[in-house]
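Undergrad: Below you'll find the structure I mean.
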Amino acid sequence: MKSSVIVFPGSNCDRDVAVALQKFKIENKMVWHEETTLPKSDIVVLPGGFSYGDYLRTGCIASKSKIVSEIIKHANKGGLILGICNGFQILIESGLLPGSLLRNKKLRFLSKNVFLKVVNIKNSFCSDFKNKDIIELPIAHNEGNYFASNDLIKKLEDNNSIAFKYSDKDGNISIESNPNGSSNNIAGILNEKKNILGMMPHPERLIDPILSGEDGSMLFSSLLKN
Amino acid sequence: MKISEKIIEKHGITKSEYKRIITLVGRELNLLELGIFSAMWNEHCSYKSSKKYLKTLPTKNNKVIQGPGENAGVVDIEDNDALVFKIESHNHPSFIEPYQGAATGVGGILRDIFTMGARPIALLNSIHFGDPNHPKTKNLLSGVVSGIGGYGNCMGIPTIGGEVKFNSSYNENILVNAMAVGLTKKNKIFYSKANGVNQPVIYVGSKTGRDGIHGASMASAEFDDNVDNKKPTVQVGDPFAEKLLLEACLELMKDDSIISIQDMGAAGLTSSSVEMASKGNLGIEINLDKIPCREKKMTPYEMMLSESQERMLLILKSGKEDDAKKIFSKWGLDFSIIGKTTNTNHLVLNFKNIEVANLPLSSLSKDAPVYDRKWKKKLPSKKIDAPKNFQTKDISECLVKILSSPNNAEKSWVWEQYDSTVMGDTIQKPGGDSGVVRVHGKNKGIALTIDSSAHYCLADPIIGGKQVVCETWRNLVAVGSKPIAITNCLNFGNPEKEEIMGQFVETIDGISQACSYLDFPVVSGNVSFYNETKKNSIYPTPTIGGVGLIKNLNYTMNKNLKEIDSNILIIGKTSGHLFQSEFFREVLNFKEGSPPAVNLFNEKNNGLSILNLISKNLVNSVHDISSGGILVALVEMCISGKIGAKVKIPKRDINHFEFLFGEDQSRYIIEVNEKNMKEVDKLLKENSVYYEKIGKTQKDSLDIDNICKMKLNSLGEIINKWFKSYYKE
């Protein structure tokens, strides 16, 4: 399997996700945002970080990069795309995923481990969560408060496009288990065709028992099933 | 323009210093030259009051690759890996403008690390604020925390440790000390010493603006009522630009085109060019028309004294300019050849084809004044009696009072604003004895901690200095790391006062004694004097950042209790020293008396024995006993491990309060399975380590000899309460 990790000025989880992909024997290339062609890839990853310093609006300037039109072509052909944290913000800004990401409810940066309920396991990213659908992953963001209109929320729910919701350790989804104010506790969503996943939590940071957990591993191992 | 006495005074230069300058240069100065002297001769850059004493610190052993004097210290961590680290203060700017002051403090210390060729892998910070009820504190705290987070998070470097303290002596003068740690190869360390004549001098990074002019001089004076007028001296940070600068510099450093490199920190272009050239015993010539400026019509004076952030000065091997320029252009950064090295030993500045300054470099660095300031010894406190009748108090109530005080409350409100897991190598996050990060791609780790104990230092600077080094050592030991070296940030009041200078001299003495005994050298650091507002000085606050090596991450340790029915042991003798303890301070509001004595033999012996137990896999958890004594340490272990404890207080000659809240040094709590007890007992006895078994772990509650019984859930709520209620969340 082949992957491309896109590097924008200010990306800072590019190495982390490349390490995770390589750990799962996915052959990875780093692709600078000014490139105009995408190497042959089964999956394109938009990493976390602060592309363009989060200036103007998170993900906004990066979404206008040269490489993004190639990524959109890749998506239209049904290729997989994973956007993590700032990558999720870029996917939204480039129109590949709906909704918007606002500042966290408490207006503070939030870095902590959270529990997630895996809501949809029938997609290329989440199939290995079938045996464990309540997982723990770190979040680290200032703008992760997913906002969508009631119509959009209904559409996401009806299409089974919600991948992850913030929950407690028993899988209860409530205001108490919502760290950032996201509509319906949404932590990650899929597009209609389910080939694009955007998520705020960082699976690439928990792929090793020595880092106090490896729940992130299952996302990368799922990719291999494609 | 004639330089008047008033102008000289405004530049923070005394009459006698100006006389000395005239002798050194051989003529009167122009305004630009005066500005340059002011930047180089101020306390912040010249260490004129501290140099004499800093020289007495132990700075070498077989692990030290680079001691003080470079951008940061470097130690050997085996396998050709080298660790680069330093701490720095950004106190004055953070008080004037908390977000930008703290942010640029982080930015500055990070540049010191990657200037030496190392990729930063961790950040820590020690921040001190005034009384929480002081009208400025709430805003300063939230501004500083978001500034630290704003910069480090954007750079993508995990903040893995730190401390947050409150005391009214910081009401009008907060402390923001930031430490950064980087990793490089032993054969890939870059230095600031220039070498070779006619080599190109290159400016890279952000453009120069009018921000931060005279920042270093501002940091070398007390504050008065006009503090708000000093806002323009605070720099504005752009972490995005610094991230680009980091990547561009590391990319350039892959080959050998850099001769030397120096970041533009305090006193900007002035101090970087002067330091590089004078270390190399060369001269330097700069054409100021080539400086990339952000604003129009900037004068040479402004260019030389601006402290705009995210800038570097490089000396390249001649011929390498084009390749280097390509890298910086790719990252969208300015790259300008601004001058060359010369053999004149002078700093020469040209602007619009006119020579605007010409100064002998030695006059700016080597011949800068060094003062032997008068100082007063701190007299040992008189024998005072402990407060009466405290023994009738209820232990649980005392515990609750301590745990719900701002200094002892759990600090996750703060930690959660710092990204602690980016880079994917964080083994221990903030909140433990030390943070731990893995050396990328290897099974070894680095332990990092930062500590201060200002009220101990105020009561007795020698003991306080020793104690803070020992606490750092202990925190490193408690996670299973072998302590290697420290960096120190010495925050004090006005050194022109004998009493303050005395605090400084004696604290250094204490630090020096402990470092020598523990073979724990100081490899970098910074001195921050003039932490005074309207003549009120802060407590003497040496902040120590320590690093340790964990050779095999399978043997790292934390403070979380692990199992029910294991044994709880106190390592080290508890004699019940309550003066200067949290119990006396928080519960009885009693602040007199001397701090607990430090026995360096016990410190080393106990610590090495703990490391031995960890390496033999004989302990489940380890925690350093510090402020709050045994009881607070045990509560922390219970909460983080979600396991309770049942304790029987040994029948000895001390009372319950002394046993539970005493702050005797060199102690740890360890958790040992029954099956390992025999072996642990044997090893401790062989090494003459005093220990007491005080109880067993149990489910869900803390039970002290039937005098204190509390559920873990409620203890957790109490310790988490303070920050939430302070910010009404």
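Labeling convention for the structure tokens: chains A, B, ... as they appear, residues from 1 per chain, ligands from 1 in order of appearance.
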Excluding stretch 79-96 of chain B and any residue of its chain fewer than 4 positions from it, enumerate the residues within 7 Å of it, using only C-alpha atoms, and give them as a ChimeraX atom specification.
TA: /B:72-75,100-102,105,109,113,118,144,173-186,219,227-228,231,234,487-489,524-526,528,545
Undergrad: Mind checking which residues fall within 9 Å of B:Ile446, counting only C-alpha atoms, ignoring those fewer than 6 positions away in the same chain, and posting them as a list of chain:residue names?
TA: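 Within the cut-off, the hits are B:Ile77, B:Leu83, B:Gly435, B:Val436, B:Val437, B:Arg438, B:Val439, B:Ser481, B:Val547, B:Gly548, B:Leu549, B:Ile550, B:Lys551.
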Undergrad: Kindly give the distance, in Å, that separates atom CA of B:Ile486 and atom CA of B:Val469, rounded to a single decimal.
TA: 8.4 Å
Undergrad: Sorted by chain and rising residue number, which residues of chain B lie within 9 Å of chain A, and what are their closest atom pairs and distances in Å to one decimal, counting only C-alpha atoms, as CSV?
TA:
```
residue,atom,partner,partner_atom,distance
B:Ser146,CA,A:Arg108,CA,7.7
B:Gly149,CA,A:Phe109,CA,7.6
B:Gly150,CA,A:Phe109,CA,8.2
B:Asn153,CA,A:Gly49,CA,8.3
B:Cys154,CA,A:Phe50,CA,5.6
B:Met155,CA,A:Asn12,CA,7.0
B:Gly156,CA,A:Asn12,CA,5.1
B:Ile157,CA,A:Asn12,CA,8.5
B:Asp238,CA,A:Gly53,CA,8.1
B:Pro239,CA,A:Gly53,CA,7.1
B:Phe240,CA,A:Gly53,CA,4.6
B:Ala241,CA,A:Gly53,CA,8.0
B:Lys243,CA,A:Gly10,CA,6.3
B:Leu244,CA,A:Pro9,CA,6.8
B:Trp331,CA,A:Pro9,CA,7.3
B:Gly332,CA,A:Pro9,CA,9.0
B:Trp415,CA,A:Ser111,CA,7.7
B:Glu416,CA,A:Ser111,CA,4.7
B:Gln417,CA,A:Phe109,CA,4.9
B:Tyr418,CA,A:Ser111,CA,6.2
B:Asp419,CA,A:Ser111,CA,5.2
B:Ser420,CA,A:Ser111,CA,6.9
B:Thr421,CA,A:Arg205,CA,6.8
B:Val422,CA,A:Cys13,CA,6.8
B:Met423,CA,A:Asp16,CA,5.7
B:Gly424,CA,A:Arg205,CA,4.8
B:Asp425,CA,A:Leu211,CA,7.1
B:Thr426,CA,A:Leu211,CA,6.5
B:Ile427,CA,A:Leu211,CA,5.2
B:Gln428,CA,A:Leu211,CA,8.1
B:Leu553,CA,A:Ile210,CA,8.2
B:Asn554,CA,A:Ile210,CA,8.3
B:Glu729,CA,A:Lys106,CA,8.6
```
Undergrad: So that I have them on file, write out the residues from the current selection with C-alpha atoms, as a PDB file, in the first residue's frame.
TA:
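Written out: again-v5.pdb:
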```pdb
ATOM      1  CA  SER B 146      -1.815  30.864  26.516  1.00  0.00           C
ATOM      2  CA  GLY B 149       1.051  27.282  24.604  1.00  0.00           C
ATOM      3  CA  GLY B 150       0.539  29.482  21.572  1.00  0.00           C
ATOM      4  CA  ASN B 153       2.037  24.238  20.215  1.00  0.00           C
ATOM      5  CA  CYS B 154       2.468  25.954  16.871  1.00  0.00           C
ATOM      6  CA  MET B 155       6.117  24.901  16.711  1.00  0.00           C
ATOM      7  CA  GLY B 156       5.011  21.326  17.324  1.00  0.00           C
ATOM      8  CA  ILE B 157       7.228  20.706  20.330  1.00  0.00           C
ATOM      9  CA  ASP B 238       5.495  34.734  15.161  1.00  0.00           C
ATOM     10  CA  PRO B 239       5.810  31.020  15.887  1.00  0.00           C
ATOM     11  CA  PHE B 240       4.954  30.184  12.297  1.00  0.00           C
ATOM     12  CA  ALA B 241       8.012  32.100  11.090  1.00  0.00           C
ATOM     13  CA  LYS B 243       8.854  26.897  12.599  1.00  0.00           C
ATOM     14  CA  LEU B 244       9.972  27.746   9.060  1.00  0.00           C
ATOM     15  CA  TRP B 331      10.715  28.174   3.266  1.00  0.00           C
ATOM     16  CA  GLY B 332       9.736  31.720   2.318  1.00  0.00           C
ATOM     17  CA  TRP B 415      -1.039  21.585  31.347  1.00  0.00           C
ATOM     18  CA  GLU B 416      -4.027  21.024  29.110  1.00  0.00           C
ATOM     19  CA  GLN B 417      -3.261  24.223  27.254  1.00  0.00           C
ATOM     20  CA  TYR B 418       0.116  22.830  26.212  1.00  0.00           C
ATOM     21  CA  ASP B 419       0.383  20.155  23.546  1.00  0.00           C
ATOM     22  CA  SER B 420       2.238  17.442  25.445  1.00  0.00           C
ATOM     23  CA  THR B 421       2.054  14.566  22.959  1.00  0.00           C
ATOM     24  CA  VAL B 422       3.074  16.013  19.593  1.00  0.00           C
ATOM     25  CA  MET B 423       6.176  14.303  18.113  1.00  0.00           C
ATOM     26  CA  GLY B 424       4.785  10.987  19.273  1.00  0.00           C
ATOM     27  CA  ASP B 425       7.485  10.224  21.821  1.00  0.00           C
ATOM     28  CA  THR B 426       6.008  11.436  25.106  1.00  0.00           C
ATOM     29  CA  ILE B 427       6.244   8.732  27.763  1.00  0.00           C
ATOM     30  CA  GLN B 428       5.352  10.854  30.799  1.00  0.00           C
ATOM     31  CA  LEU B 553      12.690   2.500  28.647  1.00  0.00           C
ATOM     32  CA  ASN B 554      11.435  -0.839  29.928  1.00  0.00           C
ATOM     33  CA  GLU B 729     -15.457  26.965  34.946  1.00  0.00           C
TER      34      GLU B 729
END
```
Undergrad: Tell me, as JSON, numbers by chain, which residues lie within 12 Å of A:Lys165, counting only C-alpha atoms; anything in the same chain fewer than 5 positions away does not count.
TA: {"A": [114, 115, 116, 117, 118, 119, 120, 133, 134, 135, 136, 137, 146, 157, 171, 172, 173, 174, 175, 177, 178, 179, 180, 181, 182, 183, 184, 185, 186, 187, 188, 189, 199, 200, 201]}
Undergrad: Go ahead and save the picked residues with N, CA and C atoms, as a JSON list (two decimals), in the first residue's frame.
TA:
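This went into part-v9.json:
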```json
[["chain", "number", "residue", "atom", "x", "y", "z"],
["A", 114, "VAL", "N", -8.84, 11.77, 25.28],
["A", 114, "VAL", "CA", -10.31, 11.70, 25.38],
["A", 114, "VAL", "C", -10.76, 10.30, 24.96],
["A", 115, "PHE", "N", -11.96, 9.96, 25.39],
["A", 115, "PHE", "CA", -12.55, 8.70, 24.91],
["A", 115, "PHE", "C", -13.43, 9.00, 23.71],
["A", 116, "LEU", "N", -13.45, 8.04, 22.80],
["A", 116, "LEU", "CA", -14.26, 8.19, 21.60],
["A", 116, "LEU", "C", -15.09, 6.94, 21.40],
["A", 117, "LYS", "N", -16.29, 7.14, 20.92],
["A", 117, "LYS", "CA", -17.12, 6.02, 20.50],
["A", 117, "LYS", "C", -17.00, 5.95, 18.98],
["A", 118, "VAL", "N", -16.58, 4.77, 18.48],
["A", 118, "VAL", "CA", -16.49, 4.61, 17.03],
["A", 118, "VAL", "C", -17.90, 4.32, 16.53],
["A", 119, "VAL", "N", -18.46, 5.27, 15.77],
["A", 119, "VAL", "CA", -19.87, 5.19, 15.42],
["A", 119, "VAL", "C", -20.08, 4.38, 14.13],
["A", 120, "ASN", "N", -19.13, 4.49, 13.22],
["A", 120, "ASN", "CA", -19.25, 3.79, 11.95],
["A", 120, "ASN", "C", -17.99, 2.97, 11.71],
["A", 133, "ASP", "N", -14.87, -0.66, 20.27],
["A", 133, "ASP", "CA", -15.43, 0.55, 19.66],
["A", 133, "ASP", "C", -15.47, 1.74, 20.62],
["A", 134, "ILE", "N", -14.88, 1.57, 21.82],
["A", 134, "ILE", "CA", -14.66, 2.74, 22.67],
["A", 134, "ILE", "C", -13.15, 2.86, 22.83],
["A", 135, "ILE", "N", -12.59, 3.94, 22.34],
["A", 135, "ILE", "CA", -11.13, 4.04, 22.30],
["A", 135, "ILE", "C", -10.68, 5.33, 22.97],
["A", 136, "GLU", "N", -9.38, 5.39, 23.25],
["A", 136, "GLU", "CA", -8.81, 6.58, 23.88],
["A", 136, "GLU", "C", -7.74, 7.14, 22.96],
["A", 137, "LEU", "N", -7.85, 8.43, 22.62],
["A", 137, "LEU", "CA", -6.85, 9.09, 21.79],
["A", 137, "LEU", "C", -6.61, 10.50, 22.31],
["A", 146, "TYR", "N", -16.66, 21.25, 16.25],
["A", 146, "TYR", "CA", -17.34, 21.00, 14.97],
["A", 146, "TYR", "C", -18.76, 21.58, 15.02],
["A", 157, "GLU", "N", -26.09, 12.15, 10.14],
["A", 157, "GLU", "CA", -26.58, 11.00, 10.91],
["A", 157, "GLU", "C", -27.25, 9.99, 9.96],
["A", 171, "GLY", "N", -18.60, 4.78, 26.90],
["A", 171, "GLY", "CA", -19.25, 4.99, 25.62],
["A", 171, "GLY", "C", -20.47, 5.90, 25.68],
["A", 172, "ASN", "N", -20.74, 6.48, 26.85],
["A", 172, "ASN", "CA", -21.88, 7.40, 26.95],
["A", 172, "ASN", "C", -21.53, 8.73, 26.29],
["A", 173, "ILE", "N", -22.43, 9.19, 25.45],
["A", 173, "ILE", "CA", -22.19, 10.44, 24.72],
["A", 173, "ILE", "C", -23.03, 11.53, 25.36],
["A", 174, "SER", "N", -22.36, 12.49, 26.02],
["A", 174, "SER", "CA", -23.11, 13.50, 26.77],
["A", 174, "SER", "C", -22.35, 14.82, 26.75],
["A", 175, "ILE", "N", -22.99, 15.84, 27.31],
["A", 175, "ILE", "CA", -22.32, 17.15, 27.39],
["A", 175, "ILE", "C", -21.04, 17.04, 28.20],
["A", 177, "SER", "N", -19.01, 14.63, 28.37],
["A", 177, "SER", "CA", -17.89, 13.98, 27.65],
["A", 177, "SER", "C", -17.53, 14.74, 26.37],
["A", 178, "ASN", "N", -18.08, 15.95, 26.23],
["A", 178, "ASN", "CA", -17.78, 16.74, 25.04],
["A", 178, "ASN", "C", -16.73, 17.79, 25.39],
["A", 179, "PRO", "N", -15.49, 17.63, 24.94],
["A", 179, "PRO", "CA", -14.41, 18.50, 25.43],
["A", 179, "PRO", "C", -14.44, 19.90, 24.83],
["A", 180, "ASN", "N", -15.01, 20.05, 23.63],
["A", 180, "ASN", "CA", -14.80, 21.32, 22.94],
["A", 180, "ASN", "C", -16.09, 21.98, 22.42],
["A", 181, "GLY", "N", -17.22, 21.37, 22.73],
["A", 181, "GLY", "CA", -18.49, 21.98, 22.33],
["A", 181, "GLY", "C", -19.02, 21.54, 20.98],
["A", 182, "SER", "N", -18.41, 20.51, 20.36],
["A", 182, "SER", "CA", -18.83, 20.07, 19.03],
["A", 182, "SER", "C", -20.31, 19.68, 18.99],
["A", 183, "SER", "N", -20.98, 20.00, 17.88],
["A", 183, "SER", "CA", -22.37, 19.59, 17.69],
["A", 183, "SER", "C", -22.44, 18.07, 17.80],
["A", 184, "ASN", "N", -23.39, 17.58, 18.52],
["A", 184, "ASN", "CA", -23.61, 16.13, 18.69],
["A", 184, "ASN", "C", -22.34, 15.36, 19.06],
["A", 185, "ASN", "N", -21.40, 16.01, 19.76],
["A", 185, "ASN", "CA", -20.15, 15.37, 20.19],
["A", 185, "ASN", "C", -19.30, 14.84, 19.02],
["A", 186, "ILE", "N", -19.46, 15.43, 17.85],
["A", 186, "ILE", "CA", -18.77, 14.90, 16.68],
["A", 186, "ILE", "C", -17.26, 15.16, 16.76],
["A", 187, "ALA", "N", -16.48, 14.07, 16.62],
["A", 187, "ALA", "CA", -15.01, 14.17, 16.65],
["A", 187, "ALA", "C", -14.42, 13.88, 15.27],
["A", 188, "GLY", "N", -15.19, 13.22, 14.41],
["A", 188, "GLY", "CA", -14.67, 12.91, 13.08],
["A", 188, "GLY", "C", -15.80, 12.54, 12.14],
["A", 189, "ILE", "N", -15.69, 12.98, 10.89],
["A", 189, "ILE", "CA", -16.76, 12.67, 9.92],
["A", 189, "ILE", "C", -16.18, 12.12, 8.62],
["A", 199, "MET", "N", -10.76, 14.04, 11.15],
["A", 199, "MET", "CA", -10.95, 13.83, 12.59],
["A", 199, "MET", "C", -10.04, 14.76, 13.39],
["A", 200, "MET", "N", -10.52, 15.22, 14.53],
["A", 200, "MET", "CA", -9.69, 16.06, 15.39],
["A", 200, "MET", "C", -8.70, 15.25, 16.23],
["A", 201, "PRO", "N", -9.04, 14.10, 16.80],
["A", 201, "PRO", "CA", -8.07, 13.35, 17.62],
["A", 201, "PRO", "C", -6.91, 12.82, 16.77]]
```
Undergrad: Fewer than 3 positions away in the same chain doesn't count, so skip those; otherwise give me all residues within 12 Å of B:Asn287, counting only C-alpha atoms, as a JSON list (two decimals) with N, CA and C atoms, in the first residue's frame.
TA:
```json
[["chain", "number", "residue", "atom", "x", "y", "z"],
["B", 200, "PRO", "N", 31.30, 35.30, 4.22],
["B", 200, "PRO", "CA", 30.05, 36.07, 4.18],
["B", 200, "PRO", "C", 29.23, 35.95, 5.46],
["B", 201, "VAL", "N", 28.71, 37.10, 5.92],
["B", 201, "VAL", "CA", 27.82, 37.14, 7.08],
["B", 201, "VAL", "C", 26.40, 37.26, 6.54],
["B", 202, "ILE", "N", 25.54, 36.32, 6.95],
["B", 202, "ILE", "CA", 24.21, 36.23, 6.36],
["B", 202, "ILE", "C", 23.14, 36.44, 7.42],
["B", 203, "TYR", "N", 22.15, 37.22, 7.03],
["B", 203, "TYR", "CA", 20.99, 37.43, 7.88],
["B", 203, "TYR", "C", 19.88, 36.57, 7.33],
["B", 284, "ILE", "N", 34.21, 42.36, 12.23],
["B", 284, "ILE", "CA", 33.03, 42.12, 11.41],
["B", 284, "ILE", "C", 32.58, 43.45, 10.80],
["B", 290, "LYS", "N", 21.59, 46.43, 3.72],
["B", 290, "LYS", "CA", 21.19, 45.08, 3.33],
["B", 290, "LYS", "C", 20.25, 44.41, 4.35],
["B", 291, "ILE", "N", 20.01, 45.08, 5.46],
["B", 291, "ILE", "CA", 19.15, 44.45, 6.48],
["B", 291, "ILE", "C", 17.70, 44.44, 5.99],
["B", 292, "PRO", "N", 17.07, 43.27, 5.95],
["B", 292, "PRO", "CA", 15.66, 43.23, 5.55],
["B", 292, "PRO", "C", 14.80, 43.93, 6.61],
["B", 300, "PRO", "N", 19.88, 53.24, 11.50],
["B", 300, "PRO", "CA", 20.86, 52.25, 11.97],
["B", 300, "PRO", "C", 20.67, 51.93, 13.45],
["B", 303, "MET", "N", 17.86, 49.49, 13.74],
["B", 303, "MET", "CA", 18.21, 48.17, 13.20],
["B", 303, "MET", "C", 19.11, 47.40, 14.16],
["B", 304, "MET", "N", 20.07, 48.11, 14.74],
["B", 304, "MET", "CA", 21.03, 47.42, 15.60],
["B", 304, "MET", "C", 20.42, 47.03, 16.94],
["B", 336, "SER", "N", 19.83, 37.39, 3.37],
["B", 336, "SER", "CA", 20.55, 38.56, 2.87],
["B", 336, "SER", "C", 22.00, 38.52, 3.32],
["B", 337, "ILE", "N", 22.90, 38.71, 2.36],
["B", 337, "ILE", "CA", 24.33, 38.78, 2.71],
["B", 337, "ILE", "C", 24.57, 40.21, 3.19],
["B", 338, "ILE", "N", 24.84, 40.36, 4.46],
["B", 338, "ILE", "CA", 24.89, 41.71, 5.02],
["B", 338, "ILE", "C", 26.31, 42.18, 5.32],
["B", 339, "GLY", "N", 27.28, 41.30, 5.17],
["B", 339, "GLY", "CA", 28.63, 41.76, 5.49],
["B", 339, "GLY", "C", 29.62, 40.63, 5.43],
["B", 340, "LYS", "N", 30.76, 40.85, 6.07],
["B", 340, "LYS", "CA", 31.83, 39.83, 6.02],
["B", 340, "LYS", "C", 32.67, 39.90, 7.29],
["B", 341, "THR", "N", 33.39, 38.83, 7.51],
["B", 341, "THR", "CA", 34.34, 38.83, 8.62],
["B", 341, "THR", "C", 35.61, 39.54, 8.17],
["B", 347, "LEU", "N", 34.11, 46.23, 15.09],
["B", 347, "LEU", "CA", 32.77, 46.18, 14.53],
["B", 347, "LEU", "C", 32.61, 47.45, 13.69],
["B", 348, "VAL", "N", 32.40, 47.26, 12.39],
["B", 348, "VAL", "CA", 32.25, 48.42, 11.52],
["B", 348, "VAL", "C", 30.88, 48.36, 10.86],
["B", 349, "LEU", "N", 30.12, 49.45, 10.98],
["B", 349, "LEU", "CA", 28.79, 49.49, 10.39],
["B", 349, "LEU", "C", 28.73, 50.60, 9.34],
["B", 350, "ASN", "N", 28.23, 50.22, 8.16],
["B", 350, "ASN", "CA", 28.08, 51.21, 7.10],
["B", 350, "ASN", "C", 26.61, 51.37, 6.75],
["B", 351, "PHE", "N", 26.22, 52.59, 6.43],
["B", 351, "PHE", "CA", 24.84, 52.86, 6.04],
["B", 351, "PHE", "C", 24.85, 53.98, 5.02],
["B", 352, "LYS", "N", 24.26, 53.75, 3.87],
["B", 352, "LYS", "CA", 24.26, 54.72, 2.78],
["B", 352, "LYS", "C", 25.66, 55.24, 2.49],
["B", 353, "ASN", "N", 26.59, 54.28, 2.37],
["B", 353, "ASN", "CA", 27.98, 54.58, 2.04],
["B", 353, "ASN", "C", 28.72, 55.44, 3.07],
["B", 354, "ILE", "N", 28.18, 55.52, 4.24],
["B", 354, "ILE", "CA", 28.90, 56.25, 5.29],
["B", 354, "ILE", "C", 29.18, 55.29, 6.44],
["B", 355, "GLU", "N", 30.39, 55.41, 6.99],
["B", 355, "GLU", "CA", 30.68, 54.59, 8.16],
["B", 355, "GLU", "C", 29.98, 55.20, 9.37],
["B", 356, "VAL", "N", 29.03, 54.48, 9.94],
["B", 356, "VAL", "CA", 28.24, 55.07, 11.02],
["B", 356, "VAL", "C", 28.67, 54.59, 12.40],
["B", 357, "ALA", "N", 29.47, 53.54, 12.45],
["B", 357, "ALA", "CA", 30.01, 53.10, 13.74],
["B", 357, "ALA", "C", 31.29, 52.33, 13.50]]
```
Undergrad: Need to verify the contact set: B:Gly35, 9 Å, only C-alpha atoms, exclusion of same-chain residues closer than 3 positions in sequence. Can you return it as a ChimeraX atom specification?
TA: /B:11,30-32,38-40,214,301,304-305
Undergrad: Write a file of the just-selected residues containing C-alpha atoms, as a PDB file, in the first residue's frame.
TA:
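Wrote it out as out-v8.pdb, contents follow:
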```pdb
ATOM      1  CA  HIS B  11      20.842  54.304  28.135  1.00  0.00           C
ATOM      2  CA  ASN B  30      27.907  58.835  18.526  1.00  0.00           C
ATOM      3  CA  LEU B  31      24.352  57.908  19.455  1.00  0.00           C
ATOM      4  CA  LEU B  32      24.398  54.603  17.556  1.00  0.00           C
ATOM      5  CA  SER B  38      24.105  50.126  26.243  1.00  0.00           C
ATOM      6  CA  ALA B  39      22.967  46.835  24.725  1.00  0.00           C
ATOM      7  CA  MET B  40      26.224  45.038  25.424  1.00  0.00           C
ATOM      8  CA  HIS B 214      16.210  48.197  24.142  1.00  0.00           C
ATOM      9  CA  TYR B 301      20.143  52.746  15.675  1.00  0.00           C
ATOM     10  CA  MET B 304      21.034  47.420  15.599  1.00  0.00           C
ATOM     11  CA  LEU B 305      18.852  47.484  18.728  1.00  0.00           C
TER      12      LEU B 305
END
```
Undergrad: Considering only C-alpha atoms, return as a ChimeraX atom specification whatever protein or nucleic-acid residues lie within 7 Å of stretch 318-320 of chain B, sequence-local ones (same chain, fewer than 4 positions apart) excluded.
TA: /B:199-200,257,324
Undergrad: Would you output that residue set with N, CA and C atoms, as a PDB file, in the first residue's frame?
TA:
```pdb
ATOM      1  N   GLN B 199      34.698  35.865   5.129  1.00  0.00           N
ATOM      2  CA  GLN B 199      33.595  34.919   4.959  1.00  0.00           C
ATOM      3  C   GLN B 199      32.283  35.702   5.022  1.00  0.00           C
ATOM      4  N   PRO B 200      31.296  35.297   4.217  1.00  0.00           N
ATOM      5  CA  PRO B 200      30.054  36.069   4.177  1.00  0.00           C
ATOM      6  C   PRO B 200      29.234  35.954   5.464  1.00  0.00           C
ATOM      7  N   SER B 257      28.107  23.654   5.259  1.00  0.00           N
ATOM      8  CA  SER B 257      28.374  25.003   4.755  1.00  0.00           C
ATOM      9  C   SER B 257      28.395  26.081   5.840  1.00  0.00           C
ATOM     10  N   ALA B 324      22.556  27.828  -0.040  1.00  0.00           N
ATOM     11  CA  ALA B 324      21.880  28.168   1.208  1.00  0.00           C
ATOM     12  C   ALA B 324      20.639  29.015   0.919  1.00  0.00           C
TER      13      ALA B 324
END
```
Undergrad: Between atom CA of B:Cys708 and atom CA of B:Met677, what is the spacing in Å?
TA: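 That distance, rounded to one decimal, is 26.6 Å.
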Undergrad: Mind checking which residues fall within 10 Å of stretch 220-224 of chain A, counting only C-alpha atoms, ignoring those fewer than 3 positions away in the same chain, and posting them as a list of chain:residue names?
TA: A:Met1, A:Val17, A:Ala20, A:Leu21, A:Gln22, A:Lys23, A:Phe24, A:Lys25, A:Ile26, A:Asp42, A:Ile43, A:Leu80, A:Ile121, A:Asn123, A:Ser124, A:Phe125, A:Cys126, A:Ser127, A:Asp128, A:Phe129, A:Pro203, A:Glu204, A:Ile207, A:Asp215, A:Gly216, A:Ser217
Undergrad: Identify, with DSSP run on backbone atoms, the residues in stretch 38-282 of chain B assigned to alpha helix (DSSP H), and express the list as a ChimeraX atom specification.
TA: /B:38-41,43-46,51-54,91-96,98-115,137-155,215-218,239-252,268-279
Undergrad: Have a look at atom CA of B:Ala597 and atom CA of B:Ile463 and let me know their distance in Å, one decimal.
TA: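 Computed distance, atom CA of B:Ala597 to atom CA of B:Ile463, equals 6.5 Å.
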Undergrad: Looking only at the backbone, which of the residues in stretch 395-440 of chain B does DSSP tag as strand (DSSP E or B), as a ChimeraX atom specification?
TA: /B:426-428,435-438
